[in-house]
Amino acid sequence: MNEKKVVEIKHLIKDYGVKGFQTRVLKGIDMEIYEKDFIAIMGPSGSGKTTLLNILSSIDKPTQGSVILDGNDITRISNQELSRLRRDKIGFIFQDYNLLDTMTLQDNIALPLSLNGVPTQTCMTKTKELAEMFGLIQHLDKYPYQLSGGQKQRGAASRALITDPEIIFADEPTGALDSKSGRDLLECLKQVNDQGRATILMVTHDALCASYAKDVYILSDGTIQCKLSRGASRKEFYDRIIDMQSSMGGELS
């Protein structure tokens, strides 16, 4: 097990609705995420996986429980401190890219550093390094409308990594991509994770996508039902995920 704990989740509970008419979506989640982990969260529709991701990434707050990141309980700190943690410690990859149409790909990738006042030369150097890794070096001067979906998503992943965050949260990162573009993105994410550049937590309904992770947590009815860990073979891991899907009655979508 890795030594450095990146995130610790303790007894996470989330209710929606008003008193007397509440629905409990998360029912006491406990989890520890370590440096260099690559975790996929799967589960049936309504299992709570997106709610869990939103809470871990500080988009939402739990009803009870705590999320410890960088020694801080992000559910209880001030908005100013939370903004600092989001800026310095967290990276996001969304399904719909969220690139700015009026900026080139290079400027989109460099944007988090530019907003932090990082010198232009440093921004350019880091942008080109990530563009090389994600196969985008020939596309840096293009605008998002000139790029394919896969290129845009790899650009979004580069932008998420440029601040060297503690953890990347990815919400269905291949959901809008064709199968080849999805595999290209996942190979890039696996590469940066294997190199120790990123701890990744990804929500997905796709078994192939999940098979690129090191561990898969299966959520059902607001609780963690099981954990699967990858061995030497990704194909064997994929088959085990499929078997788990079948045993739970179908797609973990």
# chains A, B, ... in the order shown; residues from 1 in each chain; ligands from 1
>>> select_by_dssp(residues="stretch 13-242 of chain A", states="alpha helix (DSSP H)", output="PyMOL selection string")
chain A and resi 49-56+79-89+105-115+120-133+149-161+179-194+207-210+234-242
>>> residues_around(residues="A:Glu3", least_positions_apart="5", cutoff="10 Å", atoms="only C-alpha atoms", output="tab-separated table (two decimals) with N, CA and C atoms, in the first residue's frame")
chain	number	residue	atom	x	y	z
A	34	TYR	N	-4.87	6.68	-1.69
A	34	TYR	CA	-3.44	6.91	-1.49
A	34	TYR	C	-2.79	7.44	-2.76
A	35	GLU	N	-1.63	8.05	-2.58
A	35	GLU	CA	-0.86	8.56	-3.71
A	35	GLU	C	-0.63	7.46	-4.73
A	36	LYS	N	-0.84	7.79	-6.01
A	36	LYS	CA	-0.66	6.88	-7.15
A	36	LYS	C	-1.82	5.91	-7.33
>>> closest_atom_pairs(of="stretch 59-94 of chain A", to="stretch 198-208 of chain A", cutoff="12 Å", atoms="only C-alpha atoms", output="Markdown table")
| residue | atom | partner | partner_atom | distance |
| --- | --- | --- | --- | --- |
| A:Lys89 | CA | A:Thr199 | CA | 10.8 |
| A:Ile90 | CA | A:Thr199 | CA | 10.0 |
| A:Gly91 | CA | A:Ile200 | CA | 9.2 |
| A:Phe92 | CA | A:Ile200 | CA | 9.8 |
| A:Ile93 | CA | A:Met202 | CA | 9.0 |
| A:Phe94 | CA | A:Met202 | CA | 10.1 |
>>> residues_around(residues="A:Gly48", least_positions_apart="4", cutoff="7 Å", atoms="only C-alpha atoms", output="MDAnalysis selection string")
chainID A and resid 25:26 52 222
>>> residues_around(residues="A:Ala157", least_positions_apart="2", cutoff="12 Å", atoms="only C-alpha atoms", output="ChimeraX atom specification")
/A:91-99,105,108-110,127,130-131,133-136,150-155,159-165,168-171,173-174,184-190,192,198,200
>>> write_last_selection(atoms="C-alpha atoms", output="PDB file, in the first residue's frame")
ATOM      1  CA  GLY A  91      -8.030  18.702 -10.960  1.00  0.00           C
ATOM      2  CA  PHE A  92     -11.292  18.035 -12.827  1.00  0.00           C
ATOM      3  CA  ILE A  93     -12.089  16.192 -16.039  1.00  0.00           C
ATOM      4  CA  PHE A  94     -15.748  16.486 -17.052  1.00  0.00           C
ATOM      5  CA  GLN A  95     -17.667  14.608 -19.710  1.00  0.00           C
ATOM      6  CA  ASP A  96     -18.330  17.779 -21.734  1.00  0.00           C
ATOM      7  CA  TYR A  97     -14.720  19.116 -21.865  1.00  0.00           C
ATOM      8  CA  ASN A  98     -15.517  22.683 -20.612  1.00  0.00           C
ATOM      9  CA  LEU A  99     -12.947  24.264 -22.943  1.00  0.00           C
ATOM     10  CA  LEU A 105      -6.003  24.801 -27.024  1.00  0.00           C
ATOM     11  CA  ASN A 108      -7.038  26.558 -22.504  1.00  0.00           C
ATOM     12  CA  ILE A 109      -4.459  24.146 -21.106  1.00  0.00           C
ATOM     13  CA  ALA A 110      -2.355  26.942 -19.588  1.00  0.00           C
ATOM     14  CA  THR A 127       1.742  23.188 -21.625  1.00  0.00           C
ATOM     15  CA  LEU A 130       1.652  17.832 -21.375  1.00  0.00           C
ATOM     16  CA  ALA A 131       0.632  18.320 -25.009  1.00  0.00           C
ATOM     17  CA  MET A 133       2.362  13.398 -23.527  1.00  0.00           C
ATOM     18  CA  PHE A 134      -1.269  13.567 -24.713  1.00  0.00           C
ATOM     19  CA  GLY A 135      -0.468  13.675 -28.429  1.00  0.00           C
ATOM     20  CA  LEU A 136      -1.611  17.269 -28.901  1.00  0.00           C
ATOM     21  CA  GLY A 150     -10.973  12.976 -28.286  1.00  0.00           C
ATOM     22  CA  GLN A 151      -8.554  15.851 -28.803  1.00  0.00           C
ATOM     23  CA  LYS A 152     -10.738  18.171 -26.730  1.00  0.00           C
ATOM     24  CA  GLN A 153     -10.956  15.658 -23.883  1.00  0.00           C
ATOM     25  CA  ARG A 154      -7.201  15.070 -23.903  1.00  0.00           C
ATOM     26  CA  GLY A 155      -6.826  18.841 -23.798  1.00  0.00           C
ATOM     27  CA  ARG A 159      -5.480  21.322 -18.243  1.00  0.00           C
ATOM     28  CA  ALA A 160      -6.455  19.302 -15.152  1.00  0.00           C
ATOM     29  CA  LEU A 161      -2.860  18.112 -14.717  1.00  0.00           C
ATOM     30  CA  ILE A 162      -1.012  21.362 -15.339  1.00  0.00           C
ATOM     31  CA  THR A 163      -1.136  22.544 -11.711  1.00  0.00           C
ATOM     32  CA  ASP A 164       0.245  19.192 -10.444  1.00  0.00           C
ATOM     33  CA  PRO A 165      -2.827  18.559  -8.252  1.00  0.00           C
ATOM     34  CA  ILE A 168      -7.793  14.230 -10.425  1.00  0.00           C
ATOM     35  CA  PHE A 169     -11.563  13.694 -10.322  1.00  0.00           C
ATOM     36  CA  ALA A 170     -12.956  12.415 -13.625  1.00  0.00           C
ATOM     37  CA  ASP A 171     -16.719  12.258 -14.252  1.00  0.00           C
ATOM     38  CA  PRO A 173     -14.458  11.078 -19.026  1.00  0.00           C
ATOM     39  CA  THR A 174     -15.097   8.824 -22.051  1.00  0.00           C
ATOM     40  CA  ASP A 184      -6.547   6.908 -26.350  1.00  0.00           C
ATOM     41  CA  LEU A 185      -7.589   9.067 -23.388  1.00  0.00           C
ATOM     42  CA  LEU A 186      -7.487   6.147 -20.961  1.00  0.00           C
ATOM     43  CA  GLU A 187      -4.042   5.082 -22.144  1.00  0.00           C
ATOM     44  CA  CYS A 188      -2.827   8.635 -21.486  1.00  0.00           C
ATOM     45  CA  LEU A 189      -4.389   8.706 -18.009  1.00  0.00           C
ATOM     46  CA  LYS A 190      -2.885   5.294 -17.216  1.00  0.00           C
ATOM     47  CA  VAL A 192       0.475   9.645 -16.136  1.00  0.00           C
ATOM     48  CA  ALA A 198      -1.527  11.823 -10.781  1.00  0.00           C
ATOM     49  CA  ILE A 200      -7.112   9.539 -10.136  1.00  0.00           C
TER      50      ILE A 200
END
>>> closest_residue(among="A:Asp221, A:Asp239, A:Glu8, A:Glu172", to="A:Lys27", atoms="only C-alpha atoms")
A:Asp221
>>> atom_distance(atom1="atom CA of A:Lys14", atom2="atom CA of A:Ser47")
11.9 Å
>>> closest_residue(among="A:Gln106, A:Gln195, A:Ser57, A:Gln245", to="A:Val216", atoms="only C-alpha atoms")
A:Gln245
>>> residues_around(residues="A:Tyr16", least_positions_apart="6", cutoff="9 Å", atoms="only C-alpha atoms", output="PDB file with C-alpha atoms, in the first residue's frame")
ATOM      1  CA  GLN A  22     -35.748  12.709   2.913  1.00  0.00           C
ATOM      2  CA  THR A  23     -34.028  10.183   0.681  1.00  0.00           C
ATOM      3  CA  ARG A  24     -30.681   8.852   1.885  1.00  0.00           C
ATOM      4  CA  VAL A  25     -28.398   8.568  -1.150  1.00  0.00           C
ATOM      5  CA  THR A  63     -25.228  15.600   5.481  1.00  0.00           C
TER       6      THR A  63
END
>>> atom_distance(atom1="atom CA of A:Asn116", atom2="atom CA of A:Leu56")
23.2 Å
>>> atom_distance(atom1="atom CA of A:Ile59", atom2="atom CA of A:Arg84")
13.9 Å
>>> select_by_dssp(residues="stretch 7-229 of chain A", states="strand (DSSP E)", output="PyMOL selection string")
chain A and resi 7-16+23-34+38-42+64-69+72-73+90-93+167-171+200-203+215-220+223-229
>>> closest_residue(among="A:Lys227, A:Glu236, A:Asn79, A:Leu53", to="A:Val67", atoms="only C-alpha atoms")
A:Leu53
>>> closest_residue(among="A:Ser45, A:Thr51, A:Thr223, A:Ser247", to="A:Asp15", atoms="only C-alpha atoms")
A:Thr51
>>> closest_residue(among="A:Lys142, A:Lys214, A:Lys235, A:Arg240", to="A:Asp101", atoms="only C-alpha atoms")
A:Lys142
